[in-house]
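Data from upload35.cif: mmCIF, C-alpha atoms and all ligand atoms
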data_run
loop_
_atom_site.label_atom_id
_atom_site.label_comp_id
_atom_site.auth_asym_id
_atom_site.auth_seq_id
_atom_site.Cartn_x
_atom_site.Cartn_y
_atom_site.Cartn_z
CA MET V 1 5.09 31.46 -53.43
CA SER V 2 7.20 33.34 -50.96
CA THR V 3 4.50 32.96 -48.25
CA ARG V 4 4.59 29.15 -48.36
CA HIS V 5 8.05 28.91 -47.04
CA PRO V 6 7.44 30.60 -43.64
CA LEU V 7 4.22 28.58 -43.17
CA ARG V 8 6.08 25.37 -43.80
CA THR V 9 8.72 26.37 -41.31
CA ALA V 10 6.04 27.12 -38.75
CA LEU V 11 4.48 23.68 -39.25
CA VAL V 12 7.80 21.95 -38.82
CA ALA V 13 8.41 23.92 -35.65
CA ALA V 14 4.97 23.01 -34.30
CA THR V 15 5.63 19.33 -34.98
CA ALA V 16 8.96 19.53 -33.20
CA VAL V 17 7.28 21.06 -30.16
CA ALA V 18 4.62 18.35 -30.19
CA LEU V 19 7.27 15.64 -30.36
CA ALA V 20 9.22 17.22 -27.53
CA GLY V 21 6.03 17.37 -25.48
CA GLY V 22 5.41 13.70 -26.15
CA LEU V 23 8.90 12.75 -25.09
CA LEU V 24 8.58 14.77 -21.91
CA THR V 25 5.32 13.01 -21.05
CA LEU V 26 6.90 9.62 -21.65
CA THR V 27 9.84 10.47 -19.40
CA GLU V 28 7.50 11.57 -16.61
CA ALA V 29 5.41 8.41 -16.90
CA THR V 30 8.52 6.21 -16.75
CA ALA V 31 9.82 8.02 -13.69
CA GLY V 32 6.42 7.68 -12.00
CA ALA V 33 6.30 3.92 -12.60
CA ALA V 34 9.78 3.44 -11.16
CA ALA V 35 8.91 5.48 -8.09
CA SER V 36 5.77 3.48 -7.32
CA GLY V 37 7.68 0.20 -7.68
CA THR V 38 10.15 1.35 -5.05
CA LEU V 39 7.38 2.62 -2.81
CA THR V 40 5.87 -0.85 -2.39
CA ASP V 41 9.14 -2.71 -1.98
CA PHE V 42 8.67 -4.37 1.43
CA ASN V 43 11.95 -6.35 1.37
CA GLY V 44 14.14 -3.76 -0.30
CA ASP V 45 15.24 -5.96 -3.22
CA GLY V 46 14.31 -3.30 -5.75
CA ILE V 47 11.22 -5.16 -6.97
CA GLY V 48 7.71 -4.01 -6.11
CA ASP V 49 5.60 -6.17 -3.79
CA LEU V 50 1.87 -6.34 -3.17
CA ALA V 51 -0.48 -6.39 -0.17
CA VAL V 52 -3.95 -7.84 -0.73
CA SER V 53 -6.82 -7.66 1.76
CA ALA V 54 -9.39 -10.29 2.72
CA PRO V 55 -11.34 -8.47 5.49
CA HIS V 56 -14.07 -11.11 5.56
CA ALA V 57 -11.72 -14.02 6.08
CA THR V 58 -12.56 -16.36 8.95
CA VAL V 59 -9.61 -16.60 11.31
CA SER V 60 -9.46 -18.95 14.30
CA SER V 61 -13.18 -19.70 13.75
CA GLN V 62 -14.02 -15.98 14.01
CA SER V 63 -16.02 -14.88 10.97
CA ASN V 64 -15.06 -11.62 9.28
CA ALA V 65 -11.93 -11.36 11.43
CA GLY V 66 -9.91 -10.52 8.33
CA ALA V 67 -6.49 -11.13 6.83
CA VAL V 68 -3.91 -9.48 4.62
CA VAL V 69 -1.67 -11.39 2.23
CA VAL V 70 1.66 -9.92 1.23
CA THR V 71 3.11 -11.33 -1.98
CA TYR V 72 6.56 -10.52 -3.26
CA GLY V 73 7.66 -9.52 -6.71
CA THR V 74 10.37 -11.54 -8.45
CA THR V 75 12.17 -11.12 -11.76
CA SER V 76 9.41 -13.30 -13.24
CA GLY V 77 6.55 -11.41 -11.60
CA LEU V 78 4.51 -11.73 -8.43
CA SER V 79 5.10 -14.97 -6.58
CA SER V 80 2.27 -17.14 -5.24
CA THR V 81 4.68 -19.05 -3.00
CA LYS V 82 6.82 -16.19 -1.71
CA LYS V 83 4.13 -14.73 0.50
CA LYS V 84 3.01 -14.07 4.06
CA VAL V 85 -0.52 -14.18 5.45
CA ILE V 86 -0.98 -11.70 8.27
CA THR V 87 -3.88 -11.80 10.73
CA GLN V 88 -4.36 -10.92 14.37
CA ALA V 89 -3.55 -14.56 15.09
CA THR V 90 -0.09 -14.14 13.55
CA SER V 91 2.63 -14.24 16.16
CA GLY V 92 3.83 -10.74 17.00
CA VAL V 93 0.73 -8.97 15.71
CA PRO V 94 -0.98 -7.13 18.57
CA GLY V 95 -4.57 -8.16 19.29
CA ALA V 96 -6.62 -11.28 18.67
CA PRO V 97 -8.96 -12.22 15.83
CA GLU V 98 -12.59 -11.57 16.75
CA THR V 99 -15.84 -11.70 14.82
CA ASP V 100 -16.32 -8.67 12.56
CA ASP V 101 -12.89 -7.07 13.24
CA ALA V 102 -12.54 -6.79 9.46
CA PHE V 103 -8.74 -6.56 9.69
CA GLY V 104 -7.50 -5.49 6.27
CA THR V 105 -10.50 -3.34 5.32
CA ALA V 106 -7.92 -0.71 4.37
CA THR V 107 -4.17 -0.83 3.86
CA ALA V 108 -1.56 1.79 3.07
CA VAL V 109 2.09 1.55 2.17
CA GLY V 110 4.88 3.98 2.92
CA ASP V 111 8.42 3.99 4.26
CA PHE V 112 7.44 5.38 7.64
CA ASP V 113 10.86 4.82 9.28
CA ASP V 114 12.91 5.87 6.25
CA ASP V 115 15.02 2.70 6.07
CA GLY V 116 14.44 2.17 2.36
CA LYS V 117 11.96 -0.67 2.87
CA ALA V 118 8.25 -0.05 2.57
CA ASP V 119 6.11 -0.51 5.68
CA LEU V 120 2.48 -1.57 5.83
CA SER V 121 -0.45 -0.07 7.72
CA VAL V 122 -3.60 -2.14 8.17
CA GLY V 123 -6.98 -0.97 9.42
CA ALA V 124 -9.59 -3.03 11.27
CA PRO V 125 -12.66 -0.79 11.68
CA GLY V 126 -14.58 -3.46 13.59
CA GLU V 127 -11.95 -3.81 16.30
CA ASN V 128 -13.14 -3.32 19.87
CA ASN V 129 -16.88 -3.05 19.13
CA TYR V 130 -16.32 -0.86 16.06
CA ASP V 131 -14.06 1.68 17.73
CA GLY V 132 -11.59 0.52 15.11
CA ALA V 133 -7.81 0.30 15.13
CA VAL V 134 -4.82 0.59 12.85
CA TRP V 135 -1.66 -1.55 12.78
CA SER V 136 1.81 -0.65 11.60
CA LEU V 137 4.03 -3.47 10.33
CA ARG V 138 7.59 -2.79 9.24
CA GLY V 139 9.39 -3.90 6.15
CA SER V 140 12.69 -5.79 6.48
CA ALA V 141 15.17 -7.68 4.33
CA SER V 142 12.94 -10.74 4.74
CA GLY V 143 9.77 -8.80 3.97
CA ILE V 144 6.99 -7.54 6.20
CA THR V 145 7.84 -8.51 9.74
CA THR V 146 5.68 -8.60 12.84
CA THR V 147 8.72 -7.69 14.93
CA GLY V 148 8.16 -4.23 16.31
CA SER V 149 4.61 -4.05 15.03
CA VAL V 150 2.27 -1.77 16.90
CA SER V 151 -1.44 -1.03 16.90
CA TYR V 152 -3.34 2.07 17.84
CA GLY V 153 -6.99 2.12 18.84
CA ALA V 154 -9.31 5.03 18.24
CA GLY V 155 -9.05 6.26 21.83
CA THR V 156 -5.23 6.17 21.75
CA LEU V 157 -5.23 8.41 18.70
CA GLY V 158 -7.68 10.81 20.29
CA VAL V 159 -10.74 9.87 18.26
CA PRO V 160 -13.96 10.03 20.33
CA THR V 161 -15.21 6.49 20.92
CA THR V 162 -18.86 7.32 21.38
CA GLY V 163 -20.93 5.63 18.70
CA GLN V 164 -18.93 3.56 16.24
CA PRO V 165 -16.03 5.64 14.87
CA GLN V 166 -14.63 2.62 12.97
CA LEU V 167 -11.09 3.96 12.85
CA GLY V 168 -9.16 2.31 10.05
CA SER V 169 -12.02 2.22 7.52
CA SER V 170 -9.73 4.10 5.18
CA ILE V 171 -5.99 4.78 5.27
CA THR V 172 -3.85 6.92 3.01
CA GLY V 173 -0.13 6.18 2.89
CA CA W 201 10.46 -6.45 -3.13
CA CA W 202 -9.32 -8.08 17.35
CA CA W 203 10.54 1.13 6.36
#

Would you mind writing the file's structure down as C-alpha cells?
Ligand SMILES: [Ca+2]
Ligand SMILES: [Ca+2]
Ligand SMILES: [Ca+2]
Amino acid sequence: MSTRHPLRTALVAATAVALAGGLLTLTEATAGAAASGTLTDFNGDGIGDLAVSAPHATVSSQSNAGAVVVTYGTTSGLSSTKKKVITQATSGVPGAPETDDAFGTATAVGDFDDDGKADLSVGAPGENNYDGAVWSLRGSASGITTTGSVSYGAGTLGVPTTGQPQLGSSITG
C-alpha cells in the first residue's frame, strides 16, 4: 500500500507538467497571432489588412498585366469597400501596364521603413521582356500609398539580364 502513494504523486506531477506545457503553447500561439496581425497593418490602425494578387488581370487592354487589391480590416472583418486596386496604371506607380507583366505574381509585407505601418512589395516577373522587376509601396495612415513608391528592375539590382531572369517571381518579406 505504501508504494501507491508515491506513484499517485508522480502522476499528479506529470499531469501538472502537461497542463503547464499546454498553457505555454497557448500563450505562444496567441502572441504569434497578434504579431502577424500587426505585421500586415498597412494603415496602422491596429487591425490586420490583406493584399490579394490578380497577376492575370487585364489592365488598360493589356492582357496579363496584373493587379493587386489591398483590402482593409475593420472591427467587423475585412472590408469589400475599404480597398485599393493597384496596377502599373495607378497614378504614382512607376511603369506602365504591358502584356504579360504579371504584376502581383508575388507580394511580401514588412515594415521596411520602421514607421509602424506595413509596407508592400510587389513583383512583376514579366516586366521588360521577362527581366522582371519589384515595386515597393509604403504604408500610411490612409493605407498603401503610391507616394514615394519605387521600382527596381533586375539590372538595377545586379541580376544578370541574359535569358529571362524573371525577377520578382517570388518575394519573401
Ligand atoms: Ca489596418
Ligand atoms: Ca510594365
Ligand atoms: Ca512602413

* To do: Could you check which of V:Gly168, V:Pro97, V:Gly92, V:Gly73 is closest to Leu137 (chain V), using all atoms listed in the file?
  =>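 Under the stated criterion, the closest residue is V:Gly92.
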
* Asked: Nearest to Ser149 (chain V) among V:Val93, V:Ala67, V:Leu120, V:Val109, with distances taken over only C-alpha atoms: which residue is it?
  -> V:Val93

* Within-12 Å residues of ligand CA 202 (chain W), basis only C-alpha atoms and all ligand atoms, as a VMD selection string -> chain V and resid 59 to 60 62 to 67 87 to 90 93 to 104 123 to 135 151 to 153

* Asked: In terms of the shortest atom-to-atom distance over all atoms listed in the file, which of V:Thr74, V:Leu167, V:Thr40, V:Val122 is closest to ligand CA 203 (chain W)?
  -> V:Thr40

* Can you tell me which residues come within 12 Å of ligand CA 201 (chain W) when counting only C-alpha atoms and all ligand atoms, ideally as a ChimeraX atom specification? => /V:36-51,70-75,77-79,82-83,116-119,139-144
